[in-house]
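Here the structure is laid out as structure tokens; the discussion comes afterwards.
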Number of protein chains: 2
Amino acid sequence: MPEKTHPAPLRLATFLPFRLSVLSNAVSQRIAELYDREFGLSIWQWRVMAVTADTPGISATEIGQRTQMDKVAVSRAVAGLIEVGYLERRPSTDDARRSNLVLTPAGIGIYELIVPLALAEEAQLVSALSEKEQAELARLMGKLAKAASPERDLW
Amino acid sequence: MPEKTHPAPLRLATFLPFRLSVLSNAVSQRIAELYDREFGLSIWQWRVMAVTADTPGISATEIGQRTQMDKVAVSRAVAGLIEVGYLERRPSTDDARRSNLVLTPAGIGIYELIVPLALAEEAQLVSALSEKEQAELARLMGKLAKAASPERDLW
DNA sequence: ATAAGATAGTTTCATATGTAACTAATATTG
DNA sequence: CAATATTAGTTACATATGAAACTATCTTAT
């Protein structure tokens, strides 16, 4: 009499999508708390500030591409940042539908306060890994990203 | 005259919390779509099923610990699964507050359909990596998890 | 030049999610 | 053996989020 066949086991704790999700949430939560507690910013607002600092005059659509946020999320984050005076909307001369977004001086000030804190958080996080391991992790994540989303580049 | 000092640069695309979040979302979305499209299950419901299959008679609180879901999310997922007949609540004899949760035969059937599909998704995802790389990734993620959340074990 | 389509961005609406308040039961303390 | 604190789980409420509809502008094709 043949053995009863067992289905392949699935333990959540070793299932990559689960592990990734839990790890990402733990990391995001730590860092989101920092932005919110110290500066009243959501993680989305922070992302918008980061790419706008990097590329002044960027459009909302471009922000969406660079941050992987959808256009509604970008719209809301931008509105919030303008509300608190960290971002300014300049009408584009050549296309009246888009605007060129720039940080205000206040926005730049906040941005420059946040950057070292964010980098310090990251540094503390990866301090458990050697330089070599950090590079390896980045490389493996890149491969995974390509496998998970071959259509568009994730970053 | 001293040079103007530049703040440390922060490029979102190389910032680990951002990369982790984007990667995790891409992976989760693929797999959530599978559960939902084929079986009408949310990712939370799937997680509850997975740990309940693994540990029949588990309590809601334990499910929360094992899945990193908060108790409200567990409560809702459990309610939904009972609603569709995949899960059954058995009152605990020794503590009237808790119930022992078990998959119904229908729930087990669905679970056994999903497992190979989920594992196949995972396999496809990690197929871009060698065995060695997969093990290394798991190891590095483990270290990171400990650094991100030293208080409690993430998995 | 004009109609049909595409694009940038916002608003609306329905659903998901988290926090806090709540109920019921158990555990602890004096 | 009360009185109080803790725990398991649910409910209510307020906010976040995403999909689809919408407005305004620009592009393309005739």
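So you can find residues: chains in the structure tokens are A, B, ... in the order shown, residues in each start at 1, and ligands are numbered from 1 in order.
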Could the residues of chain D within 8 Å of chain B, counting only C-alpha atoms (C1' of nucleotides), be given as a PDB file with N, CA and C atoms (P, O5', C5', C4', C3', O3' and C1' of nucleotides), in the first residue's frame, please?
ATOM      1  P    DA D   8      -4.081  36.899  25.902  1.00  0.00           P
ATOM      2  O5'  DA D   8      -5.630  36.771  25.550  1.00  0.00           O
ATOM      3  C5'  DA D   8      -6.325  35.592  25.888  1.00  0.00           C
ATOM      4  C4'  DA D   8      -7.617  35.505  25.087  1.00  0.00           C
ATOM      5  C3'  DA D   8      -7.424  35.709  23.582  1.00  0.00           C
ATOM      6  O3'  DA D   8      -8.234  34.758  22.897  1.00  0.00           O
ATOM      7  C1'  DA D   8      -8.852  37.408  24.458  1.00  0.00           C
ATOM      8  P    DG D   9      -8.141  34.666  21.297  1.00  0.00           P
ATOM      9  O5'  DG D   9      -9.192  35.793  20.883  1.00  0.00           O
ATOM     10  C5'  DG D   9     -10.566  35.584  21.232  1.00  0.00           C
ATOM     11  C4'  DG D   9     -11.340  36.847  20.978  1.00  0.00           C
ATOM     12  C3'  DG D   9     -11.350  37.364  19.544  1.00  0.00           C
ATOM     13  O3'  DG D   9     -12.612  37.031  18.969  1.00  0.00           O
ATOM     14  C1'  DG D   9     -11.282  39.104  21.167  1.00  0.00           C
ATOM     15  P    DT D  10     -13.041  37.595  17.516  1.00  0.00           P
ATOM     16  O5'  DT D  10     -13.836  38.931  17.897  1.00  0.00           O
ATOM     17  C5'  DT D  10     -14.875  38.839  18.846  1.00  0.00           C
ATOM     18  C4'  DT D  10     -15.600  40.172  18.969  1.00  0.00           C
ATOM     19  C3'  DT D  10     -16.061  40.783  17.647  1.00  0.00           C
ATOM     20  O3'  DT D  10     -17.425  41.128  17.818  1.00  0.00           O
ATOM     21  C1'  DT D  10     -14.822  42.369  18.907  1.00  0.00           C
TER      22       DT D  10
END
* Contacts of Ala53 of chain B at 12 Å or less, counting only C-alpha atoms (C1' of nucleotides), minus same-chain residues fewer than 2 places along, as a PyMOL selection string? -> (chain A and resi 7+9-12) or (chain B and resi 46-51+55-58+63+86-88+101-105+107-112+114-115)
Take the selection from the previous step and output its residues with N, CA and C atoms, as a compact mmCIF listing (two decimals), in the first residue's frame.
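Below you can see again.txt, which holds the result:
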# COMPACT_ATOMS: atom_id res chain seq x y z
N PRO A 7 1.41 16.95 1.00
CA PRO A 7 1.64 18.11 0.14
C PRO A 7 2.95 18.76 0.56
N PRO A 9 5.34 21.17 2.16
CA PRO A 9 5.04 22.00 3.33
C PRO A 9 5.25 23.47 3.00
N LEU A 10 4.52 24.30 3.68
CA LEU A 10 4.73 25.74 3.52
C LEU A 10 4.74 26.35 4.89
N ARG A 11 5.94 26.73 5.35
CA ARG A 11 6.02 27.41 6.63
C ARG A 11 6.18 28.88 6.35
N LEU A 12 5.26 29.65 6.88
CA LEU A 12 5.26 31.08 6.65
C LEU A 12 6.64 31.67 6.93
N TRP B 46 -5.05 34.47 3.88
CA TRP B 46 -4.13 33.39 3.51
C TRP B 46 -3.15 33.10 4.64
N ARG B 47 -2.64 34.13 5.24
CA ARG B 47 -1.69 33.91 6.33
C ARG B 47 -2.35 33.17 7.49
N VAL B 48 -3.56 33.54 7.79
CA VAL B 48 -4.28 32.85 8.87
C VAL B 48 -4.47 31.38 8.51
N MET B 49 -4.84 31.12 7.29
CA MET B 49 -5.01 29.74 6.87
C MET B 49 -3.69 28.97 6.99
N ALA B 50 -2.62 29.62 6.58
CA ALA B 50 -1.32 28.93 6.59
C ALA B 50 -0.92 28.51 8.00
N VAL B 51 -1.06 29.41 8.95
CA VAL B 51 -0.63 29.02 10.30
C VAL B 51 -1.63 28.08 10.95
N THR B 55 -0.79 24.56 12.51
CA THR B 55 -1.04 24.35 13.94
C THR B 55 -2.53 24.36 14.23
N PRO B 56 -3.22 23.27 13.94
CA PRO B 56 -4.67 23.24 14.15
C PRO B 56 -5.00 23.49 15.62
N GLY B 57 -6.06 24.25 15.86
CA GLY B 57 -6.46 24.54 17.23
C GLY B 57 -5.78 25.78 17.78
N ILE B 58 -5.06 26.48 16.95
CA ILE B 58 -4.35 27.69 17.36
C ILE B 58 -5.35 28.77 17.77
N ILE B 63 -2.03 33.36 16.43
CA ILE B 63 -1.96 33.65 15.00
C ILE B 63 -1.33 35.02 14.79
N TYR B 86 -14.28 28.30 5.50
CA TYR B 86 -12.96 27.66 5.46
C TYR B 86 -12.39 27.45 6.85
N LEU B 87 -13.02 28.05 7.83
CA LEU B 87 -12.45 28.01 9.17
C LEU B 87 -13.57 27.76 10.17
N GLU B 88 -13.21 27.11 11.27
CA GLU B 88 -14.21 26.80 12.28
C GLU B 88 -13.66 27.21 13.64
N LEU B 101 -8.99 27.45 16.75
CA LEU B 101 -9.37 27.59 15.35
C LEU B 101 -8.82 26.43 14.54
N VAL B 102 -9.67 25.91 13.68
CA VAL B 102 -9.24 24.83 12.79
C VAL B 102 -9.81 25.06 11.40
N LEU B 103 -9.10 24.61 10.41
CA LEU B 103 -9.62 24.66 9.05
C LEU B 103 -10.73 23.63 8.90
N THR B 104 -11.77 23.97 8.18
CA THR B 104 -12.79 22.99 7.82
C THR B 104 -12.25 22.12 6.69
N PRO B 105 -12.91 21.03 6.37
CA PRO B 105 -12.47 20.24 5.21
C PRO B 105 -12.39 21.10 3.96
N GLY B 107 -11.76 24.23 3.87
CA GLY B 107 -10.58 25.08 4.05
C GLY B 107 -9.30 24.31 3.75
N ILE B 108 -9.25 23.08 4.21
CA ILE B 108 -8.07 22.27 3.93
C ILE B 108 -7.91 22.05 2.43
N GLY B 109 -9.04 21.81 1.78
CA GLY B 109 -9.00 21.60 0.33
C GLY B 109 -8.41 22.81 -0.38
N ILE B 110 -8.91 23.99 -0.03
CA ILE B 110 -8.40 25.22 -0.65
C ILE B 110 -6.93 25.41 -0.31
N TYR B 111 -6.62 25.20 0.94
CA TYR B 111 -5.23 25.35 1.37
C TYR B 111 -4.30 24.48 0.52
N GLU B 112 -4.72 23.26 0.31
CA GLU B 112 -3.86 22.35 -0.44
C GLU B 112 -3.79 22.71 -1.92
N ILE B 114 -3.77 25.97 -2.80
CA ILE B 114 -2.96 27.18 -2.85
C ILE B 114 -1.48 26.89 -2.66
N VAL B 115 -1.17 26.00 -1.72
CA VAL B 115 0.24 25.78 -1.37
C VAL B 115 1.15 25.59 -2.59
* Asked: How many Å separate atom CA of Glu151 of chain B from atom CA of Trp44 of chain A?
  ->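 Separating atom CA of Glu151 of chain B from atom CA of Trp44 of chain A is a distance of 26.7 Å.
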* To do: Can you check which residues of chain C have any atom within 8 Å of chain B? Use only C-alpha atoms (C1' of nucleotides) and format it as number ranges by chain.
  => C: 24-26
Using N, CA and C atoms (P, O5', C5', C4', C3', O3' and C1' of nucleotides), can you write the selected residues to a file as a PDB file, in the first residue's frame?
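Now in out27.pdb:
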ATOM      1  P    DA C  24     -20.921  41.407  27.840  1.00  0.00           P
ATOM      2  O5'  DA C  24     -19.883  40.218  28.056  1.00  0.00           O
ATOM      3  C5'  DA C  24     -19.448  39.470  26.922  1.00  0.00           C
ATOM      4  C4'  DA C  24     -18.295  38.607  27.338  1.00  0.00           C
ATOM      5  C3'  DA C  24     -18.525  37.877  28.664  1.00  0.00           C
ATOM      6  O3'  DA C  24     -18.261  36.504  28.457  1.00  0.00           O
ATOM      7  C1'  DA C  24     -16.432  38.985  28.676  1.00  0.00           C
ATOM      8  P    DA C  25     -18.539  35.443  29.610  1.00  0.00           P
ATOM      9  O5'  DA C  25     -17.087  35.057  30.127  1.00  0.00           O
ATOM     10  C5'  DA C  25     -16.179  34.489  29.197  1.00  0.00           C
ATOM     11  C4'  DA C  25     -14.794  34.596  29.768  1.00  0.00           C
ATOM     12  C3'  DA C  25     -14.601  33.857  31.091  1.00  0.00           C
ATOM     13  O3'  DA C  25     -13.727  32.772  30.846  1.00  0.00           O
ATOM     14  C1'  DA C  25     -13.560  36.009  31.084  1.00  0.00           C
ATOM     15  P    DT C  26     -13.322  31.804  32.038  1.00  0.00           P
ATOM     16  O5'  DT C  26     -11.945  32.423  32.541  1.00  0.00           O
ATOM     17  C5'  DT C  26     -10.853  32.494  31.636  1.00  0.00           C
ATOM     18  C4'  DT C  26      -9.718  33.245  32.278  1.00  0.00           C
ATOM     19  C3'  DT C  26      -9.161  32.603  33.544  1.00  0.00           C
ATOM     20  O3'  DT C  26      -7.774  32.414  33.342  1.00  0.00           O
ATOM     21  C1'  DT C  26      -9.500  34.905  33.851  1.00  0.00           C
TER      22       DT C  26
END
* To do: Find the spatial neighbours of DA21 of chain C, counting only C-alpha atoms (C1' of nucleotides), within a cut-off of 10 Å - ignore same-chain residues fewer than 2 positions away - and output them as a list in words.
  =>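 Close residues of DA21 of chain C: DT19 of chain C; DT11, DA12 and DC13 of chain D.
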Preceding selection exported with C-alpha atoms (C1' of nucleotides) as a JSON list (two decimals), in the first residue's frame:
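As a result, part.json now contains:
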[["chain", "number", "residue", "atom", "x", "y", "z"],
["C", 19, "DT", "C1'", -6.44, 53.16, 17.35],
["D", 11, "DT", "C1'", -16.85, 46.73, 17.65],
["D", 12, "DA", "C1'", -16.83, 51.64, 16.49],
["D", 13, "DC", "C1'", -14.78, 55.45, 14.66]]
Please provide as a short mmCIF file (atom, residue, chain, number, x, y, z; two decimals) with N, CA and C atoms, in the first residue's frame all residues within 12 Å of Arg139 of chain B, with the sequence filter that same-chain residues fewer than 3 positions apart are discarded (counting only C-alpha atoms (C1' of nucleotides)).
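Once everything was written out, this is out_37.cif:
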data_model
loop_
_atom_site.label_atom_id
_atom_site.label_comp_id
_atom_site.auth_asym_id
_atom_site.auth_seq_id
_atom_site.Cartn_x
_atom_site.Cartn_y
_atom_site.Cartn_z
N THR A 14 9.50 30.72 6.54
CA THR A 14 10.57 30.54 5.55
C THR A 14 10.10 30.92 4.15
N LEU A 16 9.51 33.39 1.35
CA LEU A 16 10.15 34.66 1.05
C LEU A 16 9.20 35.86 0.99
N ARG A 19 8.49 36.85 4.53
CA ARG A 19 9.66 37.41 5.21
C ARG A 19 9.97 38.82 4.72
N ALA A 128 24.77 45.81 11.17
CA ALA A 128 24.90 44.39 11.50
C ALA A 128 25.60 43.63 10.37
N LEU A 129 25.70 44.26 9.21
CA LEU A 129 26.32 43.60 8.06
C LEU A 129 27.67 44.22 7.73
N GLU A 133 28.81 42.30 2.82
CA GLU A 133 27.45 41.77 2.92
C GLU A 133 26.42 42.80 2.46
N GLN A 134 26.68 44.05 2.78
CA GLN A 134 25.76 45.10 2.34
C GLN A 134 25.68 45.14 0.82
N GLU A 136 26.41 42.75 -1.20
CA GLU A 136 25.80 41.52 -1.68
C GLU A 136 24.27 41.59 -1.56
N LEU A 137 23.83 42.10 -0.43
CA LEU A 137 22.38 42.24 -0.24
C LEU A 137 21.77 43.13 -1.32
N LEU A 140 21.60 41.17 -4.55
CA LEU A 140 20.56 40.14 -4.58
C LEU A 140 19.17 40.77 -4.66
N LYS B 132 22.98 29.01 -3.54
CA LYS B 132 23.88 29.66 -2.61
C LYS B 132 23.40 31.09 -2.32
N GLU B 133 23.03 31.77 -3.39
CA GLU B 133 22.56 33.15 -3.24
C GLU B 133 21.27 33.20 -2.44
N GLN B 134 20.40 32.22 -2.68
CA GLN B 134 19.15 32.19 -1.92
C GLN B 134 19.42 32.05 -0.43
N ALA B 135 20.34 31.16 -0.11
CA ALA B 135 20.67 30.96 1.30
C ALA B 135 21.29 32.22 1.89
N GLU B 136 22.14 32.84 1.10
CA GLU B 136 22.80 34.05 1.57
C GLU B 136 21.77 35.17 1.81
N GLY B 142 17.79 37.81 7.73
CA GLY B 142 17.67 37.47 9.14
C GLY B 142 18.44 38.44 10.02
N LYS B 143 19.64 38.75 9.62
CA LYS B 143 20.44 39.72 10.37
C LYS B 143 19.75 41.08 10.42
N LEU B 144 19.26 41.47 9.26
CA LEU B 144 18.60 42.76 9.16
C LEU B 144 17.36 42.80 10.04
N ALA B 145 16.63 41.72 10.05
CA ALA B 145 15.42 41.65 10.86
C ALA B 145 15.75 41.84 12.33
N LYS B 146 16.83 41.23 12.73
CA LYS B 146 17.21 41.35 14.12
C LYS B 146 17.61 42.79 14.44
#
* Would you list which chain A residues are within 6 Å of chain B using only C-alpha atoms, as number ranges by chain? -> A: 13, 20-21, 23-24, 27, 125, 145, 147-148, 155
* To do: Write down as a ChimeraX atom specification the residues of chain A whose backbone DSSP state falls under strand (DSSP E).
  => /A:87-91,99-103
* Could you check which of A:Glu131, A:Glu62, A:Leu34, A:Gln45 is closest to Ala79 of chain A, using only C-alpha atoms? => A:Gln45
* Structure fact -> One decimal place gives the atom C1' of DT28 of chain D-atom C1' of DG5 of chain C separation as 7.8 Å
* Where does DSSP see alpha helix (DSSP H) in chain A, if you list the residues as number ranges by chain? -> A: 16-39, 43-54, 60-67, 71-83, 105-126, 131-148
C-alpha atoms of the current selection, written as a compact mmCIF listing (two decimals), in the first residue's frame:
# COMPACT_ATOMS: atom_id res chain seq x y z
CA LEU A 16 10.15 34.66 1.05
CA PRO A 17 7.17 36.92 0.28
CA PHE A 18 6.16 36.77 3.91
CA ARG A 19 9.66 37.41 5.21
CA LEU A 20 10.15 40.32 2.87
CA SER A 21 6.86 41.85 3.87
CA VAL A 22 7.53 41.55 7.58
CA LEU A 23 11.06 42.88 7.29
CA SER A 24 10.03 45.77 5.11
CA ASN A 25 7.23 46.70 7.48
CA ALA A 26 9.52 46.62 10.48
CA VAL A 27 12.02 48.87 8.74
CA SER A 28 9.42 51.23 7.31
CA GLN A 29 7.67 51.59 10.60
CA ARG A 30 10.83 52.63 12.42
CA ILE A 31 11.67 55.20 9.86
CA ALA A 32 8.14 56.44 9.26
CA GLU A 33 7.88 57.09 12.95
CA LEU A 34 10.94 59.27 12.76
CA TYR A 35 9.59 61.40 9.93
CA ASP A 36 6.22 61.73 11.56
CA ARG A 37 7.27 62.30 15.14
CA GLU A 38 9.99 64.81 14.42
CA PHE A 39 8.63 66.56 11.36
CA ILE A 43 6.60 58.55 4.35
CA TRP A 44 5.03 59.59 1.05
CA GLN A 45 5.68 63.23 1.70
CA TRP A 46 9.24 62.41 2.59
CA ARG A 47 9.72 60.54 -0.66
CA VAL A 48 8.35 63.45 -2.62
CA MET A 49 10.71 65.82 -0.84
CA ALA A 50 13.65 63.54 -1.48
CA VAL A 51 13.19 63.35 -5.23
CA THR A 52 12.31 67.02 -5.47
CA ALA A 53 15.48 67.92 -3.63
CA ASP A 54 17.36 65.72 -6.03
CA ALA A 60 4.23 65.04 -10.33
CA THR A 61 4.27 62.28 -12.92
CA GLU A 62 8.03 61.97 -12.75
CA ILE A 63 7.82 61.87 -8.99
CA GLY A 64 5.44 58.96 -9.29
CA GLN A 65 7.87 57.07 -11.48
CA ARG A 66 10.85 57.69 -9.29
CA THR A 67 9.09 56.84 -6.03
CA LYS A 71 -0.50 59.62 -9.15
CA VAL A 72 -3.20 59.98 -6.52
CA ALA A 73 -0.71 59.43 -3.74
CA VAL A 74 1.65 61.92 -5.32
CA SER A 75 -1.13 64.46 -5.69
CA ARG A 76 -2.05 64.14 -2.05
CA ALA A 77 1.51 64.27 -0.78
CA VAL A 78 2.25 67.33 -2.89
CA ALA A 79 -0.90 69.07 -1.67
CA GLY A 80 0.08 68.39 1.92
CA LEU A 81 3.60 69.69 1.44
CA ILE A 82 2.37 72.86 -0.22
CA GLU A 83 -0.07 73.29 2.65
CA PRO A 105 13.62 77.42 1.52
CA ALA A 106 11.71 76.04 4.49
CA GLY A 107 11.41 72.72 2.68
CA ILE A 108 15.11 72.64 1.94
CA GLY A 109 15.84 73.36 5.58
CA ILE A 110 13.71 70.48 6.76
CA TYR A 111 15.10 68.23 4.09
CA GLU A 112 18.63 68.94 5.23
CA LEU A 113 17.64 68.18 8.78
CA ILE A 114 16.09 64.87 7.84
CA VAL A 115 18.78 63.53 5.53
CA PRO A 116 21.42 62.88 8.17
CA LEU A 117 18.85 61.32 10.48
CA ALA A 118 17.57 59.04 7.75
CA LEU A 119 21.08 58.04 6.77
CA ALA A 120 21.91 57.39 10.40
CA GLU A 121 18.90 55.12 10.71
CA GLU A 122 19.96 53.26 7.63
CA ALA A 123 23.52 53.03 8.88
CA GLN A 124 22.39 51.62 12.17
CA LEU A 125 20.20 49.11 10.39
CA VAL A 126 22.94 47.82 8.14
CA GLU A 131 30.54 46.18 3.77
CA LYS A 132 30.74 43.12 1.64
CA GLU A 133 27.45 41.77 2.92
CA GLN A 134 25.76 45.10 2.34
CA ALA A 135 26.89 45.11 -1.26
CA GLU A 136 25.80 41.52 -1.68
CA LEU A 137 22.38 42.24 -0.24
CA ALA A 138 21.92 45.15 -2.60
CA ARG A 139 22.92 42.97 -5.51
CA LEU A 140 20.56 40.14 -4.58
CA MET A 141 17.69 42.53 -4.03
CA GLY A 142 18.32 43.96 -7.45
CA LYS A 143 18.07 40.55 -9.04
CA LEU A 144 14.91 39.82 -7.12
CA ALA A 145 13.39 43.12 -8.15
CA LYS A 146 14.00 42.31 -11.77
CA ALA A 147 12.42 38.88 -11.34
CA ALA A 148 9.42 40.28 -9.49
* Asked: By how many Å are atom C1' of DC22 of chain D and atom C1' of DT7 of chain C apart?
  ->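 Distance reported for this atom pair: 13.6 Å.
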